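**Student:** Here you go, this is query-v9.cif (mmCIF, C-alpha atoms and all ligand atoms).
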data_input
loop_
_atom_site.label_atom_id
_atom_site.label_comp_id
_atom_site.auth_asym_id
_atom_site.auth_seq_id
_atom_site.Cartn_x
_atom_site.Cartn_y
_atom_site.Cartn_z
CA MET A 1 0.00 0.00 0.00
CA ASN A 2 1.42 3.42 -0.89
CA GLY A 3 1.43 6.40 1.41
CA PHE A 4 -1.58 8.09 -0.14
CA GLU A 5 -3.73 4.95 0.11
CA LYS A 6 -2.52 4.51 3.70
CA THR A 7 -3.45 8.12 4.47
CA ARG A 8 -6.99 7.43 3.33
CA GLU A 9 -7.21 4.18 5.28
CA LEU A 10 -6.00 5.88 8.46
CA VAL A 11 -8.37 8.85 8.06
CA GLU A 12 -11.28 6.47 7.63
CA ALA A 13 -10.27 4.38 10.65
CA ILE A 14 -9.88 7.47 12.84
CA ALA A 15 -13.23 8.84 11.62
CA ARG A 16 -14.87 5.81 13.24
CA THR A 17 -13.62 6.91 16.67
CA GLY A 18 -15.89 9.46 18.28
CA ARG A 19 -18.57 8.85 15.66
CA ALA A 20 -21.65 10.70 16.88
CA GLU A 21 -25.23 10.76 15.67
CA ARG A 22 -24.16 13.67 13.49
CA GLY A 23 -20.51 13.79 12.40
CA VAL A 24 -17.72 13.13 14.89
CA SER A 25 -17.42 14.42 18.44
CA ARG A 26 -13.86 13.71 19.44
CA LEU A 27 -13.18 16.27 22.12
CA ALA A 28 -9.60 16.58 23.32
CA LEU A 29 -8.31 14.27 26.06
CA THR A 30 -11.38 12.02 26.04
CA GLU A 31 -11.69 8.28 25.41
CA SER A 32 -12.38 8.78 21.70
CA ASP A 33 -9.27 10.98 21.44
CA ARG A 34 -7.33 8.13 23.04
CA GLU A 35 -8.73 5.65 20.47
CA ALA A 36 -7.80 7.93 17.56
CA ARG A 37 -4.28 8.41 18.94
CA ALA A 38 -3.87 4.62 19.29
CA ILE A 39 -4.53 4.20 15.56
CA ALA A 40 -1.89 6.81 14.71
CA VAL A 41 0.62 5.36 17.19
CA SER A 42 0.19 1.87 15.82
CA GLU A 43 1.08 3.16 12.34
CA MET A 44 4.05 5.12 13.75
CA GLU A 45 5.37 1.94 15.35
CA SER A 46 4.87 -0.15 12.25
CA LEU A 47 6.95 2.44 10.34
CA GLY A 48 9.76 1.87 12.84
CA MET A 49 9.41 5.32 14.41
CA THR A 50 10.26 5.99 18.05
CA VAL A 51 7.18 7.34 19.80
CA ARG A 52 7.22 9.65 22.80
CA THR A 53 4.50 11.65 24.50
CA ASP A 54 5.45 15.00 26.02
CA ALA A 55 4.17 16.74 29.15
CA CYS A 56 1.18 18.18 27.24
CA CYS A 57 0.29 14.76 25.75
CA ASN A 58 1.54 15.76 22.29
CA ILE A 59 2.76 12.64 20.48
CA TRP A 60 6.14 12.87 18.73
CA ALA A 61 7.22 10.00 16.49
CA GLU A 62 10.67 10.06 14.94
CA TYR A 63 12.48 8.05 12.33
CA PRO A 64 16.20 8.81 12.60
CA GLY A 65 18.26 10.32 9.81
CA THR A 66 21.82 9.30 8.97
CA SER A 67 23.18 12.81 9.62
CA ASP A 68 22.83 14.93 12.74
CA GLN A 69 21.26 17.80 10.81
CA PRO A 70 17.85 18.85 12.16
CA GLY A 71 14.96 16.88 10.71
CA VAL A 72 11.53 17.60 9.30
CA VAL A 73 8.36 17.32 11.36
CA ILE A 74 4.88 16.98 9.85
CA GLY A 75 1.72 17.13 11.90
CA SER A 76 -1.64 18.48 12.95
CA HIS A 77 -4.32 17.39 15.44
CA LEU A 78 -6.85 14.59 15.98
CA ASP A 79 -9.39 16.28 18.26
CA SER A 80 -12.59 17.67 16.76
CA VAL A 81 -15.34 20.13 17.60
CA PRO A 82 -18.69 18.66 18.73
CA GLU A 83 -20.46 17.30 15.62
CA GLY A 84 -17.43 18.07 13.50
CA GLY A 85 -16.12 16.51 10.30
CA ASP A 86 -13.77 13.63 9.54
CA TYR A 87 -10.88 15.57 7.99
CA ASP A 88 -10.09 18.69 10.01
CA GLY A 89 -6.67 17.99 11.52
CA VAL A 90 -6.88 14.22 11.01
CA LEU A 91 -5.87 14.56 7.36
CA GLY A 92 -2.66 16.39 8.31
CA VAL A 93 -1.53 13.75 10.79
CA CYS A 94 -2.36 10.85 8.44
CA ALA A 95 -0.77 12.54 5.41
CA GLY A 96 2.39 12.97 7.51
CA LEU A 97 2.41 9.24 8.20
CA GLY A 98 1.73 8.53 4.51
CA VAL A 99 4.66 10.70 3.47
CA VAL A 100 6.99 8.93 5.92
CA ARG A 101 5.84 5.60 4.48
CA ASP A 102 6.50 6.72 0.89
CA ILE A 103 9.92 8.22 1.65
CA LEU A 104 11.09 5.16 3.61
CA ALA A 105 9.89 2.85 0.83
CA GLU A 106 12.18 4.76 -1.50
CA ASN A 107 15.10 5.15 0.89
CA PRO A 108 15.15 3.65 4.39
CA HIS A 109 18.19 5.80 5.27
CA PRO A 110 17.17 9.45 4.79
CA ALA A 111 19.83 12.03 5.64
CA ARG A 112 17.57 13.95 7.98
CA SER A 113 15.18 12.54 10.56
CA LEU A 114 11.47 12.41 9.78
CA SER A 115 8.96 13.13 12.52
CA VAL A 116 5.20 13.18 12.84
CA VAL A 117 3.49 15.11 15.63
CA VAL A 118 -0.06 14.89 16.97
CA PHE A 119 -0.86 18.09 18.83
CA THR A 120 -3.23 18.01 21.80
CA SER A 121 -6.48 19.96 21.69
CA GLU A 122 -6.15 22.24 18.69
CA GLU A 123 -9.85 23.00 18.91
CA SER A 124 -11.06 25.36 21.62
CA SER A 125 -14.29 23.37 22.06
CA ARG A 126 -13.45 21.68 25.33
CA PHE A 127 -11.32 24.16 27.27
CA SER A 128 -12.18 27.46 25.50
CA LEU A 129 -8.52 27.60 24.52
CA ALA A 130 -7.25 26.72 21.04
CA THR A 131 -3.95 25.15 19.91
CA ILE A 132 -3.12 23.94 23.42
CA GLY A 133 -0.54 21.36 22.37
CA SER A 134 1.38 23.59 19.97
CA LYS A 135 1.28 26.46 22.46
CA ALA A 136 2.85 24.17 25.06
CA ALA A 137 5.41 22.74 22.63
CA THR A 138 6.61 26.25 21.80
CA GLY A 139 6.71 27.53 25.38
CA ASN A 140 3.49 29.54 25.14
CA LEU A 141 1.49 27.67 27.80
CA THR A 142 2.35 27.62 31.49
CA THR A 143 1.27 25.27 34.24
CA MET A 144 -0.69 28.21 35.72
CA ASP A 145 -2.62 28.46 32.44
CA THR A 146 -3.67 24.82 32.74
CA LEU A 147 -5.25 25.66 36.10
CA ARG A 148 -7.17 28.62 34.68
CA PHE A 149 -8.90 26.82 31.81
CA LYS A 150 -11.75 24.43 32.58
CA ASP A 151 -14.23 22.41 30.55
CA LYS A 152 -17.98 22.75 31.04
CA ASN A 153 -17.94 20.16 33.85
CA GLY A 154 -15.37 22.20 35.76
CA THR A 155 -12.46 19.84 35.00
CA THR A 156 -9.30 21.90 34.75
CA LEU A 157 -6.97 21.43 31.81
CA LEU A 158 -4.35 20.47 34.39
CA LYS A 159 -6.45 17.59 35.68
CA ALA A 160 -7.47 16.46 32.19
CA LEU A 161 -3.81 16.38 31.10
CA ARG A 162 -2.78 14.52 34.22
CA ASP A 163 -5.59 11.95 33.90
CA PHE A 164 -4.57 11.40 30.28
CA GLY A 165 -0.98 10.62 31.27
CA GLY A 166 0.53 14.09 30.80
CA GLN A 167 2.69 16.06 33.22
CA PRO A 168 1.29 19.59 33.18
CA GLU A 169 3.79 20.65 35.86
CA TYR A 170 6.63 20.06 33.36
CA LEU A 171 5.30 21.99 30.36
CA CYS A 172 8.28 24.35 30.28
CA ARG A 173 10.81 21.51 30.49
CA ASP A 174 9.32 19.90 27.39
CA ALA A 175 9.16 22.98 25.16
CA LEU A 176 11.11 22.74 21.90
CA ALA A 177 14.38 24.53 21.42
CA PRO A 178 14.36 27.05 18.52
CA ALA A 179 15.52 25.46 15.24
CA SER A 180 15.37 21.97 16.78
CA TYR A 181 13.80 20.97 13.46
CA HIS A 182 14.70 22.07 9.95
CA SER A 183 11.03 22.70 9.21
CA TYR A 184 7.43 21.99 10.17
CA PHE A 185 4.79 21.06 7.59
CA GLU A 186 1.05 20.94 8.08
CA LEU A 187 -1.42 19.80 5.43
CA HIS A 188 -4.95 20.93 6.25
CA ILE A 189 -8.32 21.23 4.56
CA GLU A 190 -8.91 24.86 3.66
CA GLN A 191 -12.14 25.19 5.68
CA GLY A 192 -13.17 27.88 3.21
CA PRO A 193 -14.45 27.69 -0.38
CA VAL A 194 -11.68 29.51 -2.27
CA LEU A 195 -9.81 26.47 -3.64
CA ASP A 196 -12.91 24.41 -4.33
CA TRP A 197 -14.77 27.16 -6.16
CA ASN A 198 -11.69 28.17 -8.17
CA SER A 199 -10.85 24.57 -9.15
CA GLU A 200 -7.43 24.89 -7.56
CA ASP A 201 -5.87 21.99 -5.67
CA VAL A 202 -3.31 23.58 -3.36
CA GLY A 203 -3.23 26.69 -1.23
CA ILE A 204 0.15 27.87 0.00
CA VAL A 205 -0.56 29.84 3.14
CA GLU A 206 1.42 33.06 3.50
CA ALA A 207 0.05 34.18 6.84
CA ILE A 208 -2.43 33.02 9.44
CA ALA A 209 -4.98 35.54 10.59
CA ALA A 210 -4.97 36.35 14.25
CA PRO A 211 -8.20 36.81 16.15
CA THR A 212 -8.95 39.80 18.31
CA ARG A 213 -11.74 38.60 20.55
CA PHE A 214 -13.74 40.45 23.13
CA MET A 215 -16.97 40.44 25.05
CA LEU A 216 -19.37 43.35 25.26
CA ASP A 217 -21.70 43.18 28.24
CA ILE A 218 -24.48 45.68 27.60
CA GLN A 219 -26.58 46.81 30.53
CA GLY A 220 -29.89 48.48 29.85
CA GLU A 221 -32.99 48.59 32.00
CA GLN A 222 -35.25 45.61 32.27
CA ALA A 223 -38.92 46.64 32.05
CA HIS A 224 -42.46 45.47 31.37
CA SER A 225 -42.98 45.15 27.62
CA GLY A 226 -46.58 46.30 27.95
CA ALA A 227 -46.35 48.99 30.59
CA CYS A 228 -43.06 50.71 29.67
CA PRO A 229 -43.60 53.35 26.94
CA MET A 230 -41.17 53.39 24.00
CA ASN A 231 -39.61 56.76 24.89
CA LEU A 232 -38.64 55.60 28.40
CA ARG A 233 -36.88 52.40 27.40
CA HIS A 234 -33.23 51.47 27.67
CA ASP A 235 -33.44 48.24 25.70
CA ALA A 236 -30.16 46.34 25.81
CA LEU A 237 -31.08 44.17 22.84
CA THR A 238 -31.83 46.98 20.40
CA ALA A 239 -28.54 48.58 21.45
CA ALA A 240 -26.85 45.25 20.79
CA ALA A 241 -28.54 45.04 17.38
CA GLU A 242 -26.94 48.33 16.32
CA ILE A 243 -23.57 47.10 17.53
CA ILE A 244 -23.91 43.78 15.69
CA LEU A 245 -24.57 45.63 12.44
CA ALA A 246 -21.62 47.93 13.14
CA VAL A 247 -19.36 44.89 13.53
CA GLU A 248 -20.51 43.62 10.15
CA ARG A 249 -19.95 47.05 8.56
CA ALA A 250 -16.46 47.26 10.08
CA GLY A 251 -15.59 43.88 8.57
CA ARG A 252 -17.00 44.83 5.18
CA ALA A 253 -15.10 48.11 5.13
CA GLU A 254 -11.84 46.19 5.59
CA SER A 255 -12.64 43.27 3.29
CA ASP A 256 -10.05 44.39 0.71
CA PHE A 257 -7.42 43.56 3.35
CA GLY A 258 -8.97 40.15 4.08
CA THR A 259 -10.25 41.24 7.49
CA VAL A 260 -13.45 39.64 8.77
CA ALA A 261 -15.60 40.54 11.78
CA THR A 262 -18.26 38.41 13.42
CA VAL A 263 -20.60 38.47 16.40
CA GLY A 264 -20.90 34.76 17.16
CA VAL A 265 -22.65 34.93 20.52
CA CYS A 266 -25.61 37.04 21.58
CA GLU A 267 -27.16 36.20 24.94
CA CYS A 268 -30.20 38.15 25.90
CA ARG A 269 -31.52 38.34 29.45
CA PRO A 270 -33.97 37.63 30.87
CA GLY A 271 -35.14 36.31 27.49
CA ALA A 272 -38.89 36.54 27.95
CA MET A 273 -41.40 37.78 25.39
CA ASN A 274 -43.04 40.18 27.80
CA VAL A 275 -39.87 41.78 29.13
CA VAL A 276 -37.76 44.57 27.62
CA PRO A 277 -34.26 43.01 27.65
CA GLY A 278 -32.11 44.39 30.44
CA ARG A 279 -28.80 42.83 29.61
CA VAL A 280 -27.13 41.44 26.50
CA THR A 281 -23.77 39.79 26.12
CA LEU A 282 -22.08 39.85 22.72
CA LYS A 283 -18.92 37.97 21.80
CA VAL A 284 -17.00 39.49 18.92
CA ASP A 285 -14.25 37.99 16.77
CA ILE A 286 -12.25 40.18 14.36
CA ARG A 287 -9.53 38.57 12.26
CA GLY A 288 -7.15 39.46 9.53
CA ILE A 289 -3.58 39.25 8.38
CA VAL A 290 -2.99 43.02 8.22
CA GLU A 291 -2.54 44.45 11.69
CA LYS A 292 -3.55 48.01 10.76
CA SER A 293 -6.73 46.76 9.13
CA ILE A 294 -7.67 44.75 12.22
CA ALA A 295 -7.02 47.84 14.34
CA ARG A 296 -9.25 50.01 12.12
CA ALA A 297 -12.12 47.50 12.30
CA TYR A 298 -11.70 47.28 16.07
CA ASN A 299 -11.67 51.06 16.48
CA ASP A 300 -14.77 51.44 14.29
CA VAL A 301 -16.64 48.98 16.50
CA MET A 302 -15.51 50.71 19.70
CA GLU A 303 -16.57 54.15 18.39
CA LYS A 304 -20.00 52.76 17.62
CA VAL A 305 -20.28 51.14 21.05
CA LYS A 306 -19.61 54.52 22.70
CA LYS A 307 -22.12 56.23 20.46
CA VAL A 308 -24.86 53.66 21.04
CA CYS A 309 -24.34 53.80 24.81
CA ALA A 310 -24.64 57.59 24.80
CA GLU A 311 -27.68 57.67 22.53
CA ARG A 312 -29.59 54.90 24.22
CA GLY A 313 -28.64 55.45 27.86
CA VAL A 314 -27.12 52.00 28.28
CA THR A 315 -23.70 51.06 29.60
CA CYS A 316 -21.23 48.53 28.30
CA ASN A 317 -18.52 46.53 30.03
CA PHE A 318 -15.68 45.36 27.85
CA THR A 319 -13.56 42.22 28.35
CA LEU A 320 -10.68 41.53 26.00
CA TYR A 321 -10.08 37.80 25.45
CA SER A 322 -7.21 37.96 23.01
CA ALA A 323 -5.45 40.31 20.60
CA ASP A 324 -2.96 38.10 18.80
CA LYS A 325 -0.73 39.24 15.98
CA PRO A 326 -1.06 37.67 12.51
CA VAL A 327 1.65 35.07 11.93
CA ALA A 328 3.65 34.87 8.71
CA MET A 329 4.64 31.45 7.41
CA ASP A 330 8.25 30.95 6.32
CA GLY A 331 8.91 32.58 2.94
CA LEU A 332 11.67 30.22 1.82
CA LEU A 333 9.67 27.14 2.69
CA ALA A 334 6.64 28.56 0.85
CA ARG A 335 8.88 28.93 -2.20
CA ARG A 336 9.96 25.30 -1.90
CA VAL A 337 6.30 24.26 -1.81
CA GLU A 338 5.60 26.49 -4.79
CA LYS A 339 8.46 24.87 -6.70
CA SER A 340 6.95 21.43 -5.99
CA CYS A 341 3.60 22.65 -7.33
CA ARG A 342 5.25 23.79 -10.56
CA GLU A 343 7.28 20.58 -10.93
CA LEU A 344 4.15 18.49 -10.48
CA GLY A 345 1.93 20.74 -12.57
CA VAL A 346 -0.44 21.41 -9.68
CA LYS A 347 -2.82 24.40 -9.77
CA TYR A 348 -2.12 26.43 -6.65
CA ARG A 349 -2.60 29.83 -5.12
CA ARG A 350 -0.89 31.73 -2.34
CA MET A 351 -3.44 32.71 0.25
CA PRO A 352 -4.05 33.73 3.86
CA SER A 353 -5.62 31.44 6.43
CA GLY A 354 -8.59 32.87 8.25
CA ALA A 355 -8.64 30.00 10.74
CA GLY A 356 -5.94 29.39 13.34
CA HIS A 357 -3.76 26.29 13.14
CA ASP A 358 -0.95 24.62 15.07
CA ALA A 359 1.44 25.97 12.41
CA MET A 360 0.81 29.40 13.92
CA TYR A 361 2.72 28.49 17.08
CA MET A 362 5.25 26.18 15.43
CA ALA A 363 6.19 29.12 13.20
CA THR A 364 7.44 31.02 16.26
CA LEU A 365 10.33 28.54 16.65
CA ILE A 366 10.61 26.48 13.46
CA PRO A 367 10.34 27.54 9.79
CA SER A 368 6.79 26.41 9.00
CA ALA A 369 4.66 25.73 5.94
CA LEU A 370 0.89 25.33 5.88
CA ILE A 371 -0.54 23.64 2.79
CA PHE A 372 -4.27 23.79 2.12
CA VAL A 373 -6.25 21.25 0.13
CA PRO A 374 -9.86 21.82 -0.96
CA CYS A 375 -12.88 20.62 0.96
CA LYS A 376 -16.34 20.61 -0.63
CA ASP A 377 -17.78 24.16 -0.69
CA GLY A 378 -15.43 25.02 2.16
CA VAL A 379 -17.76 23.44 4.70
CA SER A 380 -15.94 22.49 7.92
CA HIS A 381 -16.62 22.16 11.66
CA SER A 382 -19.76 20.39 10.47
CA PRO A 383 -20.92 16.81 9.84
CA ALA A 384 -21.23 17.91 6.19
CA GLU A 385 -17.44 18.38 5.89
CA THR A 386 -16.35 16.32 2.85
CA ILE A 387 -13.36 16.02 0.58
CA ASP A 388 -12.80 14.58 -2.87
CA TRP A 389 -9.74 12.36 -2.43
CA GLU A 390 -8.68 12.96 -6.03
CA ARG A 391 -8.46 16.66 -5.24
CA VAL A 392 -6.45 15.97 -2.10
CA ARG A 393 -3.91 13.86 -3.99
CA PRO A 394 -2.10 16.85 -5.59
CA GLY A 395 -1.61 18.47 -2.16
CA TYR A 396 -0.34 15.18 -0.78
CA ASP A 397 2.09 14.84 -3.68
CA VAL A 398 3.32 18.41 -3.17
CA LEU A 399 3.93 17.70 0.53
CA LEU A 400 5.74 14.46 -0.31
CA ASN A 401 7.86 16.05 -3.01
CA THR A 402 8.84 19.01 -0.82
CA VAL A 403 9.71 16.93 2.25
CA ARG A 404 11.57 14.38 0.15
CA GLY A 405 13.69 17.20 -1.31
CA ILE A 406 14.74 18.23 2.22
CA VAL A 407 15.37 14.92 3.96
CA MET A 408 16.96 12.78 1.23
ZN ZN A 501 -7.79 21.84 12.29
#
Can you give me the file's structure in the form of structure tokens?
**Tutor:**
Amino acid sequence: MNGFEKTRELVEAIARTGRAERGVSRLALTESDREARAIAVSEMESLGMTVRTDACCNIWAEYPGTSDQPGVVIGSHLDSVPEGGDYDGVLGVCAGLGVVRDILAENPHPARSLSVVVFTSEESSRFSLATIGSKAATGNLTTMDTLRFKDKNGTTLLKALRDFGGQPEYLCRDALAPASYHSYFELHIEQGPVLDWNSEDVGIVEAIAAPTRFMLDIQGEQAHSGACPMNLRHDALTAAAEIILAVERAGRAESDFGTVATVGVCECRPGAMNVVPGRVTLKVDIRGIVEKSIARAYNDVMEKVKKVCAERGVTCNFTLYSADKPVAMDGLLARRVEKSCRELGVKYRRMPSGAGHDAMYMATLIPSALIFVPCKDGVSHSPAETIDWERVRPGYDVLLNTVRGIVM
């Protein structure tokens, strides 16, 4: 069996773990996560790789090279969102294993080592914190952080890691040294429609958008919906409505720069038909790859919030969750990937990534490349997530060709 066929077999086997009524629900550090990891580990072992699990439960499998030059690591994640799809993350891990298989079949003594990594909890679904494993691996997660983040049952990330066999008290010890690898590669479904709709097979990511996320807690005055006249109201929901539209306008105004802005959560209290809403919580997510554009969108929203509060006699509390900087992928590595596309005659485009990925943190220490392959209509984080394997093959071949060129 060649590496590409093996990739497909592994993806299909892993998709059976955490199978839910709709899609897959393979939340991080749960039994189904353990089952998925076991499938990957069994393949790592059969390839003759040495497998180790670090303090954050990231799995690192390595096949040694004949030289002591730093090796190549390929990876992604196996956890999913609730009712997610079969390919998000899983494809990147399995394609890494497929590539190792193909390279070793050609030459069992590569000059550089070949590694595959499975990062813990890339999705924020369980602990409200994304890219946990790659944050830890790059020294961006402390033991204190693991105490702060909890799942909806109140289990701390620290306890979940410990129960899963990790050592959250040693996160710092296990962080990678800069340049400990020659390069990091991640193959991922695009999770957007650009490649699919343009009949292109590979996206070479130039930068990963960084989210600025915040909560707006709008306090109005709760009142009787029958007895309180219109001119005396301080309706928190109508204030929120104006702000939601302002967020959309701010995103649209910056769309030439690839910035997007979304209100994904709107909680209205008390939420009764006969009550003028007294309090509304909005959660806002603004992302882009151009810092100034993100800042403009953010400032537009904040101006509007002030204006709405003044006009409507409501108040607003602001909580900033994150304001990360966009992360550039390695330019030289992107050019290597581009060269592979040309050699193989693959239709590609250079593009930004709107979604966050483990490559974002790996890029802080190791030259990193993120390669997108199309998924049907860009649908992801959904049971409807599907791929056409024949349209994934070019991306796989590009990954194989590029990695082969480095390690042989
Ligand atoms: Zn993913």
**Student:** Rank A:Val265, A:Leu399, A:Leu370, A:Val337 by their smallest atom-to-atom distance to ligand ZN 501 (chain A), using only C-alpha atoms and all ligand atoms, and report the top residue only.
**Tutor:**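 Among A:Val265, A:Leu399, A:Leu370, A:Val337, it is A:Leu370 that comes nearest to ligand ZN 501 (chain A).
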**Student:** Could you list, as a VMD selection string, all protein and nucleic acid residues with an atom at most 10 Å from ligand ZN 501 (chain A), counting only C-alpha atoms and all ligand atoms?
**Tutor:** chain A and resid 76 to 81 87 to 92 121 to 123 131 186 to 191 355 to 358 380 to 381
**Student:** Smallest atom-to-atom distance to Thr155 of chain A: which of A:Thr30, A:Thr238, A:Gln222, A:Thr259, using all atoms listed in the file?
**Tutor:**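 Checking each candidate against Thr155 of chain A, we get A:Thr30 as the closest.
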**Student:** Expressed in Å to a single decimal, how great is the separation between atom CA of Asn58 of chain A and atom CA of Tyr396 of chain A?
**Tutor:**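 Separation of atom CA of Asn58 of chain A and atom CA of Tyr396 of chain A: 23.2 Å.
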**Student:** Of the residues A:Leu29, A:Trp389, A:Arg335, A:Leu104, which is the one nearest to Ser46 of chain A, using only C-alpha atoms?
**Tutor:** A:Leu104
**Student:** Please identify all polymer residues within 6 Å of Ala175 of chain A, counting all atoms listed in the file, omitting same-chain residues fewer than 6 positions from it, and present them as a list of chain:residue names.
**Tutor:** A:Ala137, A:Thr138, A:Gly139
**Student:** If you count all atoms listed in the file, which residues fall within 9 Å of Leu157 of chain A, apart from same-chain ones fewer than 3 positions away, as a short mmCIF file (atom, residue, chain, number, x, y, z; two decimals) with C-alpha atoms, keeping the file's coordinate frame?
**Tutor:**
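So the final result, stored in around.cif, reads:
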data_model
loop_
_atom_site.label_atom_id
_atom_site.label_comp_id
_atom_site.auth_asym_id
_atom_site.auth_seq_id
_atom_site.Cartn_x
_atom_site.Cartn_y
_atom_site.Cartn_z
CA PHE A 127 -11.32 24.16 27.27
CA ASP A 145 -2.62 28.46 32.44
CA THR A 146 -3.67 24.82 32.74
CA LEU A 147 -5.25 25.66 36.10
CA ARG A 148 -7.17 28.62 34.68
CA PHE A 149 -8.90 26.82 31.81
CA LYS A 150 -11.75 24.43 32.58
CA ASP A 151 -14.23 22.41 30.55
CA ALA A 160 -7.47 16.46 32.19
CA LEU A 161 -3.81 16.38 31.10
CA ARG A 162 -2.78 14.52 34.22
CA PRO A 168 1.29 19.59 33.18
#
**Student:** So how many Å separate atom CA of Gly395 of chain A and atom CA of Arg349 of chain A, to one decimal?
**Tutor:**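 Separation between atom CA of Gly395 of chain A and atom CA of Arg349 of chain A: 11.8 Å.
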**Student:** With a distance cut-off of 10 Å and only C-alpha atoms, select the neighbouring residues of Ile218 of chain A, excluding the residue or stretch itself and same-chain residues fewer than 6 positions from it, and output the selection as a PyMOL selection string.
**Tutor:** chain A and resi 235-237+239-240+268+278-282+305+309+314-318
**Student:** How would the residues just chosen look if you wrote them out with C-alpha atoms as a short mmCIF file (atom, residue, chain, number, x, y, z; two decimals), keeping the file's coordinate frame?
**Tutor:**
data_model
loop_
_atom_site.label_atom_id
_atom_site.label_comp_id
_atom_site.auth_asym_id
_atom_site.auth_seq_id
_atom_site.Cartn_x
_atom_site.Cartn_y
_atom_site.Cartn_z
CA ASP A 235 -33.44 48.24 25.70
CA ALA A 236 -30.16 46.34 25.81
CA LEU A 237 -31.08 44.17 22.84
CA ALA A 239 -28.54 48.58 21.45
CA ALA A 240 -26.85 45.25 20.79
CA CYS A 268 -30.20 38.15 25.90
CA GLY A 278 -32.11 44.39 30.44
CA ARG A 279 -28.80 42.83 29.61
CA VAL A 280 -27.13 41.44 26.50
CA THR A 281 -23.77 39.79 26.12
CA LEU A 282 -22.08 39.85 22.72
CA VAL A 305 -20.28 51.14 21.05
CA CYS A 309 -24.34 53.80 24.81
CA VAL A 314 -27.12 52.00 28.28
CA THR A 315 -23.70 51.06 29.60
CA CYS A 316 -21.23 48.53 28.30
CA ASN A 317 -18.52 46.53 30.03
CA PHE A 318 -15.68 45.36 27.85
#
**Student:** Measuring between only C-alpha atoms, which one of A:Lys159, A:Gly98, A:Val276, A:Asp54 shows the shortest distance to Pro229 of chain A?
**Tutor:**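 Closest to Pro229 of chain A of all the choices is A:Val276.
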**Student:** From the list A:Arg393, A:Arg249, A:Arg233, A:Lys325, which residue is nearest Thr7 of chain A when using all atoms listed in the file?
**Tutor:** A:Arg393
**Student:** Determine, counting all atoms listed in the file, which protein, DNA and RNA residues have an atom within 9 Å of an atom of Arg296 of chain A; residues of the same chain fewer than 4 positions away are not included. Present the result as a ChimeraX atom specification.
**Tutor:** /A:250,254,291-292,300-301
**Student:** Give me, please, the distance in Å between atom CA of Ser32 of chain A and atom CA of Gly85 of chain A, quoted to one decimal.
**Tutor:**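 Separation between atom CA of Ser32 of chain A and atom CA of Gly85 of chain A: 14.3 Å.
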**Student:** Counting only C-alpha atoms, which of A:Ala253, A:Ala177, A:Val24, A:Val247 gets nearest to Lys283 of chain A?
**Tutor:**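 Checking each of A:Ala253, A:Ala177, A:Val24, A:Val247 against Lys283 of chain A, counting only C-alpha atoms, the winner is A:Val247.
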**Student:** Set the distance at 8 Å and use all atoms listed in the file: which residues neighbour Ser180 of chain A once local chain neighbours fewer than 3 positions away are removed? I'd like the list as a PyMOL selection string.
**Tutor:** chain A and resi 70-71+176-177+366
**Student:** With 6 Å added on each side, what axis-aligned box encloses every listed atom of segment 268-280 of chain A? Give the centre and edge lengths in Å to one decimal, as JSON.
**Tutor:**
{"center_x": -35.1, "center_y": 40.4, "center_z": 28.1, "size_x": 27.9, "size_y": 20.3, "size_z": 17.5}
**Student:** How about completing segment 147-153 of chain A with N, CA, C and O atoms and giving it to me as a PDB file, in the coordinates of the input?
**Tutor:**
ATOM      1  N   LEU A 147      -4.341  25.571  34.949  1.00  0.00           N
ATOM      2  CA  LEU A 147      -5.250  25.660  36.100  1.00  0.00           C
ATOM      3  C   LEU A 147      -6.416  26.610  35.814  1.00  0.00           C
ATOM      4  O   LEU A 147      -7.504  26.463  36.350  1.00  0.00           O
ATOM      5  N   ARG A 148      -6.153  27.599  34.961  1.00  0.00           N
ATOM      6  CA  ARG A 148      -7.170  28.620  34.680  1.00  0.00           C
ATOM      7  C   ARG A 148      -8.272  28.114  33.769  1.00  0.00           C
ATOM      8  O   ARG A 148      -9.416  28.512  33.887  1.00  0.00           O
ATOM      9  N   PHE A 149      -7.908  27.240  32.803  1.00  0.00           N
ATOM     10  CA  PHE A 149      -8.900  26.820  31.810  1.00  0.00           C
ATOM     11  C   PHE A 149      -9.607  25.533  32.242  1.00  0.00           C
ATOM     12  O   PHE A 149      -8.953  24.570  32.640  1.00  0.00           O
ATOM     13  N   LYS A 150     -10.937  25.574  32.144  1.00  0.00           N
ATOM     14  CA  LYS A 150     -11.750  24.430  32.580  1.00  0.00           C
ATOM     15  C   LYS A 150     -12.733  24.052  31.472  1.00  0.00           C
ATOM     16  O   LYS A 150     -13.102  24.887  30.660  1.00  0.00           O
ATOM     17  N   ASP A 151     -13.160  22.795  31.485  1.00  0.00           N
ATOM     18  CA  ASP A 151     -14.230  22.410  30.550  1.00  0.00           C
ATOM     19  C   ASP A 151     -15.575  22.687  31.203  1.00  0.00           C
ATOM     20  O   ASP A 151     -15.647  23.217  32.322  1.00  0.00           O
ATOM     21  N   LYS A 152     -16.673  22.336  30.524  1.00  0.00           N
ATOM     22  CA  LYS A 152     -17.980  22.750  31.040  1.00  0.00           C
ATOM     23  C   LYS A 152     -18.383  21.978  32.298  1.00  0.00           C
ATOM     24  O   LYS A 152     -19.285  22.381  33.012  1.00  0.00           O
ATOM     25  N   ASN A 153     -17.674  20.883  32.597  1.00  0.00           N
ATOM     26  CA  ASN A 153     -17.940  20.160  33.850  1.00  0.00           C
ATOM     27  C   ASN A 153     -17.057  20.650  34.993  1.00  0.00           C
ATOM     28  O   ASN A 153     -17.083  20.083  36.078  1.00  0.00           O
TER      29      ASN A 153
END
